[in-house]
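Below is my_file_19.cif, holding mmCIF, C-alpha atoms.
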```
data_entry
loop_
_atom_site.group_PDB
_atom_site.id
_atom_site.type_symbol
_atom_site.label_atom_id
_atom_site.label_comp_id
_atom_site.auth_asym_id
_atom_site.auth_seq_id
_atom_site.Cartn_x
_atom_site.Cartn_y
_atom_site.Cartn_z
ATOM 1 C CA MET A 1 75.237 135.370 54.629
ATOM 2 C CA ALA A 2 73.304 136.353 57.755
ATOM 3 C CA VAL A 3 75.058 138.007 60.662
ATOM 4 C CA LEU A 4 74.050 137.131 64.202
ATOM 5 C CA LYS A 5 74.502 139.902 66.752
ATOM 6 C CA LEU A 6 74.385 139.466 70.496
ATOM 7 C CA GLN A 7 73.550 142.433 72.683
ATOM 8 C CA LEU A 8 75.552 142.630 75.894
ATOM 9 C CA ASP A 9 72.535 143.759 77.876
ATOM 10 C CA GLU A 10 70.956 140.359 77.246
ATOM 11 C CA PHE A 11 73.394 138.909 79.774
ATOM 12 C CA ASP A 12 72.629 141.550 82.385
ATOM 13 C CA ALA A 13 69.163 140.200 83.136
ATOM 14 C CA ILE A 14 68.642 140.068 86.882
ATOM 15 C CA ASP A 15 66.732 136.968 87.856
ATOM 16 C CA TYR A 16 66.995 137.214 91.619
ATOM 17 C CA ASP A 17 65.624 139.137 94.562
ATOM 18 C CA LEU A 18 68.025 140.571 97.104
ATOM 19 C CA ILE A 19 66.946 141.101 100.701
ATOM 20 C CA ALA A 20 69.109 143.033 103.172
ATOM 21 C CA ILE A 21 69.074 141.879 106.795
ATOM 22 C CA HIS A 22 70.409 143.826 109.782
ATOM 23 C CA SER A 23 71.275 141.637 112.762
ATOM 24 C CA THR A 24 74.126 141.137 115.227
ATOM 25 C CA VAL A 25 73.966 137.320 115.395
ATOM 26 C CA GLU A 26 76.577 135.026 113.859
ATOM 27 C CA ASP A 27 76.038 133.644 110.354
ATOM 28 C CA TYR A 28 75.255 130.081 111.439
ATOM 29 C CA ARG A 29 72.712 131.419 113.941
ATOM 30 C CA MET A 30 71.058 133.587 111.264
ATOM 31 C CA ALA A 31 70.774 130.554 108.976
ATOM 32 C CA PHE A 32 69.188 128.592 111.828
ATOM 33 C CA LEU A 33 66.681 131.375 112.572
ATOM 34 C CA LEU A 34 65.730 131.706 108.902
ATOM 35 C CA ASN A 35 65.262 127.937 108.670
ATOM 36 C CA GLN A 36 62.843 128.099 111.584
ATOM 37 C CA GLN A 37 60.859 131.036 110.217
ATOM 38 C CA LEU A 38 60.820 130.274 106.460
ATOM 39 C CA PRO A 39 60.104 127.034 104.589
ATOM 40 C CA ILE A 40 63.795 126.551 103.728
ATOM 41 C CA ILE A 41 66.671 124.406 104.932
ATOM 42 C CA LEU A 42 69.857 126.468 104.598
ATOM 43 C CA HIS A 43 73.130 124.602 105.040
ATOM 44 C CA LYS A 44 76.725 125.771 104.869
ATOM 45 C CA ASN A 45 78.301 125.471 101.453
ATOM 46 C CA LYS A 46 81.728 123.846 101.203
ATOM 47 C CA SER A 47 83.097 126.556 98.932
ATOM 48 C CA THR A 48 83.518 130.242 99.729
ATOM 49 C CA ILE A 49 83.119 133.487 97.826
ATOM 50 C CA GLU A 50 86.512 135.041 97.119
ATOM 51 C CA VAL A 51 86.620 138.842 96.939
ATOM 52 C CA SER A 52 89.747 140.858 96.325
ATOM 53 C CA GLY A 53 90.024 144.515 97.138
ATOM 54 C CA LYS A 54 92.559 147.120 98.105
ATOM 55 C CA GLU A 55 92.686 145.662 101.623
ATOM 56 C CA GLY A 56 93.535 142.170 100.353
ATOM 57 C CA GLU A 57 91.843 138.855 99.636
ATOM 58 C CA ALA A 58 88.778 137.916 101.655
ATOM 59 C CA SER A 59 86.660 134.793 101.601
ATOM 60 C CA PHE A 60 83.006 134.742 102.603
ATOM 61 C CA ALA A 61 81.349 131.531 103.777
ATOM 62 C CA TYR A 62 77.714 131.259 102.750
ATOM 63 C CA PHE A 63 74.644 129.089 103.256
ATOM 64 C CA VAL A 64 72.511 127.622 100.452
ATOM 65 C CA TYR A 65 69.239 125.826 99.899
ATOM 66 C CA ASP A 66 68.208 124.525 96.502
ATOM 67 C CA ASP A 67 64.438 124.109 96.271
ATOM 68 C CA GLU A 68 64.095 121.880 93.198
ATOM 69 C CA LYS A 69 60.313 121.743 93.403
ATOM 70 C CA ALA A 70 59.915 125.540 93.173
ATOM 71 C CA GLU A 71 63.070 125.917 91.020
ATOM 72 C CA THR A 72 64.470 128.399 93.507
ATOM 73 C CA ASN A 73 67.934 128.754 94.979
ATOM 74 C CA TRP A 74 68.270 130.529 98.358
ATOM 75 C CA VAL A 75 71.632 131.942 99.446
ATOM 76 C CA LEU A 76 72.453 133.634 102.755
ATOM 77 C CA ILE A 77 75.649 135.681 102.496
ATOM 78 C CA PRO A 78 77.313 137.746 105.220
ATOM 79 C CA ASN A 79 78.297 141.217 104.042
ATOM 80 C CA LYS A 80 81.164 141.744 106.489
ATOM 81 C CA ASN A 81 84.376 139.841 107.056
ATOM 82 C CA GLU A 82 87.662 140.636 108.755
ATOM 83 C CA ILE A 83 91.047 139.898 107.275
ATOM 84 C CA VAL A 84 94.320 140.095 109.164
ATOM 85 C CA VAL A 85 97.236 141.676 107.341
ATOM 86 C CA ARG A 86 100.803 141.451 108.617
ATOM 87 C CA LYS A 87 102.686 144.695 108.079
ATOM 88 C CA LYS A 88 105.997 146.039 109.173
ATOM 89 C CA SER A 89 105.636 148.782 111.755
ATOM 90 C CA THR A 90 106.522 152.221 110.460
ATOM 91 C CA GLY A 91 107.105 155.488 112.230
ATOM 92 C CA GLN A 92 108.821 156.412 115.445
ATOM 93 C CA ASN A 93 107.551 154.031 118.086
ATOM 94 C CA LEU A 94 108.754 151.444 120.551
ATOM 95 C CA PHE A 95 108.159 148.535 118.137
ATOM 96 C CA LEU A 96 110.188 149.825 115.201
ATOM 97 C CA ASP A 97 110.708 147.178 112.496
ATOM 98 C CA ALA A 98 108.361 144.718 114.220
ATOM 99 C CA GLN A 99 105.672 142.709 112.430
ATOM 100 C CA VAL A 100 102.243 144.031 113.350
ATOM 101 C CA GLU A 101 98.921 142.323 112.633
ATOM 102 C CA ILE A 102 96.229 144.703 111.458
ATOM 103 C CA ALA A 103 92.604 143.573 111.239
ATOM 104 C CA THR A 104 90.687 145.164 108.385
ATOM 105 C CA ARG A 105 86.983 144.855 107.683
ATOM 106 C CA VAL A 106 86.081 143.852 104.122
ATOM 107 C CA TYR A 107 82.586 144.108 102.628
ATOM 108 C CA LEU A 108 80.984 141.944 99.962
ATOM 109 C CA LEU A 109 79.002 144.969 98.752
ATOM 110 C CA PRO A 110 80.959 148.038 99.943
ATOM 111 C CA GLU A 111 78.223 150.508 99.029
ATOM 112 C CA LEU A 112 75.929 148.842 101.615
ATOM 113 C CA LYS A 113 78.303 148.727 104.598
ATOM 114 C CA LYS A 114 75.580 148.811 107.246
ATOM 115 C CA VAL A 115 73.919 145.597 106.008
ATOM 116 C CA ASP A 116 74.939 142.476 107.922
ATOM 117 C CA TYR A 117 73.475 139.761 105.652
ATOM 118 C CA PHE A 118 71.999 139.374 102.200
ATOM 119 C CA LEU A 119 69.396 136.785 101.299
ATOM 120 C CA LYS A 120 69.657 136.188 97.568
ATOM 121 C CA ILE A 121 66.698 134.350 96.053
ATOM 122 C CA GLU A 122 67.391 133.092 92.539
ATOM 123 C CA HIS A 123 64.304 131.935 90.700
ATOM 124 C CA GLN A 124 63.232 130.618 87.318
ATOM 125 C CA ASP A 125 60.145 132.583 86.298
ATOM 126 C CA THR A 126 58.552 131.808 89.642
ATOM 127 C CA PHE A 127 56.618 134.472 91.476
ATOM 128 C CA HIS A 128 57.707 135.013 95.054
ATOM 129 C CA GLN A 129 55.769 137.053 97.511
ATOM 130 C CA VAL A 130 58.626 139.223 98.691
ATOM 131 C CA ASP A 131 56.362 141.230 100.990
ATOM 132 C CA GLN A 132 55.354 138.042 102.805
ATOM 133 C CA LEU A 133 59.021 137.009 103.111
ATOM 134 C CA LEU A 134 59.898 140.399 104.584
ATOM 135 C CA SER A 135 57.133 140.180 107.169
ATOM 136 C CA ASP A 136 58.185 136.622 108.099
ATOM 137 C CA ILE A 137 61.820 137.653 108.543
ATOM 138 C CA LYS A 138 60.769 140.701 110.612
ATOM 139 C CA LYS A 139 59.152 138.288 113.089
ATOM 140 C CA ILE A 140 62.627 137.059 114.108
ATOM 141 C CA ASN A 141 63.530 138.847 117.360
ATOM 142 C CA GLN A 142 67.245 139.052 116.530
ATOM 143 C CA VAL A 143 66.588 140.929 113.251
ATOM 144 C CA SER A 144 66.471 144.689 113.651
ATOM 145 C CA THR A 145 65.368 145.532 110.106
ATOM 146 C CA VAL A 146 64.927 143.914 106.707
ATOM 147 C CA TYR A 147 64.224 145.373 103.266
ATOM 148 C CA VAL A 148 64.570 144.707 99.542
ATOM 149 C CA VAL A 149 67.634 146.002 97.700
ATOM 150 C CA ASP A 150 67.426 146.858 94.005
ATOM 151 C CA PRO A 151 70.308 144.910 92.377
ATOM 152 C CA LYS A 152 70.369 147.351 89.442
ATOM 153 C CA LYS A 153 71.594 150.117 91.762
ATOM 154 C CA ILE A 154 74.531 148.123 93.152
ATOM 155 C CA LYS A 155 77.927 148.926 91.640
ATOM 156 C CA SER A 156 79.664 145.763 92.889
ATOM 157 C CA LYS A 157 76.937 143.301 91.886
ATOM 158 C CA ASN A 158 79.592 141.084 90.286
ATOM 159 C CA ASN A 159 80.459 139.940 93.824
ATOM 160 C CA LEU A 160 77.029 138.268 93.899
ATOM 161 C CA ILE A 161 77.875 136.032 90.929
ATOM 162 C CA PHE A 162 79.265 132.692 92.146
#
```

Reformat the file's structure so that it appears as structure tokens.
Amino acid sequence: MAVLKLQLDEFDAIDYDLIAIHSTVEDYRMAFLLNQQLPIILHKNKSTIEVSGKEGEASFAYFVYDDEKAETNWVLIPNKNEIVVRKKSTGQNLFLDAQVEIATRVYLLPELKKVDYFLKIEHQDTFHQVDQLLSDIKKINQVSTVYVVDPKKIKSKNNLIF
């Protein structure tokens, strides 16, 4: 009887490009600017990406565009989000035993804390000219810098699976 073996590295194939974008604009504004500059129509997805960490649970809203003709899925994801945690005040202060709200910043990819947005381009054996995309995104005045991130070097790449 023949034995069929599956190698775990077969499931680790990365079939997407990841572009890091640095900008101070809001997420809906970034989606609008990318729609104007690139041949895509990003729209806000109804679901969110749930990430849990030591700070607590955070949900990231994201924008998608499914290009059926080119068999490409475009996703714009913010890297930063703030969560508010209610804690009891500790220590010797005026508000002893009072409930205090503490805002904590949570990152989708913590090892890239300076990145504001990620543009994830999932494709099916389609060649994309990433250099042309980078130059088109650089033309947006509100973008300070943009570059390609190697997904193989990211420790928390599981946060990009949704």

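Using only C-alpha atoms for every distance, the candidate list A:Trp74, A:Phe60, A:Leu18, A:Thr145 yields A:Trp74 as the residue closest to Ile41 of chain A.
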
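Counting from atom CA of His43 of chain A, the distance to atom CA of Lys155 of chain A is 28.2 Å.
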
- Query: Which residues fall under the PyMOL selection byres ((chain A and resi 118) around 8) in this file, as a list of chain:residue names?
  - Reply: A:Leu18, A:Ile19, A:Ala20, A:Ile21, A:Val75, A:Leu76, A:Ile77, A:Pro78, A:Asn79, A:Val115, A:Asp116, A:Tyr117, A:Leu119, A:Lys120

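The closest residue to Thr24 of chain A, picked from A:Asp150, A:Lys80, A:Lys157, A:Ser135 and counting all atoms listed in the file, is A:Lys80.
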
Padding of 3 Å on every side, edges along x, y and z, all listed atoms of segment 53-68 of chain A included: what centre and edge lengths in Å, to one decimal, does that box have, as JSON?
```
{"center_x": 78.8, "center_y": 134.5, "center_z": 98.5, "size_x": 35.4, "size_y": 31.2, "size_z": 16.6}
```

- Message: Running the PyMOL selection byres ((chain A and resi 72) around 7) on this model by hand, what would come out? Give it as a ChimeraX atom specification.
- Response: /A:66-68,70-71,73-74,121-124

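Comparing A:Asn45, A:Lys69, A:Tyr16, A:Glu82 by their smallest distance to Ala31 of chain A, the closest is A:Asn45 (using only C-alpha atoms).
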
- Mind pulling up the distance from atom CA of Asp136 of chain A to atom CA of Ser156 of chain A? 27.9 Å

- Query: At what distance in Å, to one decimal, does atom CA of Val149 of chain A lie from atom CA of Lys46 of chain A?
  - Reply: 26.5 Å

Answer key for the PyMOL selection byres ((chain A and resi 37) around 12), residues as a PDB file with C-alpha atoms, in the coordinates of the input:
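result_18.pdb, freshly written:
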```pdb
ATOM      1  CA  MET A  30      71.058 133.587 111.264  1.00  0.00           C
ATOM      2  CA  ALA A  31      70.774 130.554 108.976  1.00  0.00           C
ATOM      3  CA  PHE A  32      69.188 128.592 111.828  1.00  0.00           C
ATOM      4  CA  LEU A  33      66.681 131.375 112.572  1.00  0.00           C
ATOM      5  CA  LEU A  34      65.730 131.706 108.902  1.00  0.00           C
ATOM      6  CA  ASN A  35      65.262 127.937 108.670  1.00  0.00           C
ATOM      7  CA  GLN A  36      62.843 128.099 111.584  1.00  0.00           C
ATOM      8  CA  LEU A  38      60.820 130.274 106.460  1.00  0.00           C
ATOM      9  CA  PRO A  39      60.104 127.034 104.589  1.00  0.00           C
ATOM     10  CA  ILE A  40      63.795 126.551 103.728  1.00  0.00           C
ATOM     11  CA  ILE A  41      66.671 124.406 104.932  1.00  0.00           C
ATOM     12  CA  LEU A  42      69.857 126.468 104.598  1.00  0.00           C
ATOM     13  CA  GLN A 132      55.354 138.042 102.805  1.00  0.00           C
ATOM     14  CA  LEU A 133      59.021 137.009 103.111  1.00  0.00           C
ATOM     15  CA  LEU A 134      59.898 140.399 104.584  1.00  0.00           C
ATOM     16  CA  SER A 135      57.133 140.180 107.169  1.00  0.00           C
ATOM     17  CA  ASP A 136      58.185 136.622 108.099  1.00  0.00           C
ATOM     18  CA  ILE A 137      61.820 137.653 108.543  1.00  0.00           C
ATOM     19  CA  LYS A 138      60.769 140.701 110.612  1.00  0.00           C
ATOM     20  CA  LYS A 139      59.152 138.288 113.089  1.00  0.00           C
ATOM     21  CA  ILE A 140      62.627 137.059 114.108  1.00  0.00           C
ATOM     22  CA  ASN A 141      63.530 138.847 117.360  1.00  0.00           C
ATOM     23  CA  VAL A 143      66.588 140.929 113.251  1.00  0.00           C
TER      24      VAL A 143
END
```

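If you measure from each of A:Leu112, A:Val130, A:Lys153, A:Leu160 to Tyr62 of chain A using only C-alpha atoms, the closest one turns out to be A:Leu160.
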
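Within the 9 Å cut-off around Ala58 of chain A, using only C-alpha atoms and omitting residues fewer than 5 positions from it on the same chain, the listed residues are Ile49, Glu50, Val51, Ser52, Gly53, Asn81, Glu82, Ile83, Val106, Tyr107 and Leu108 of chain A.
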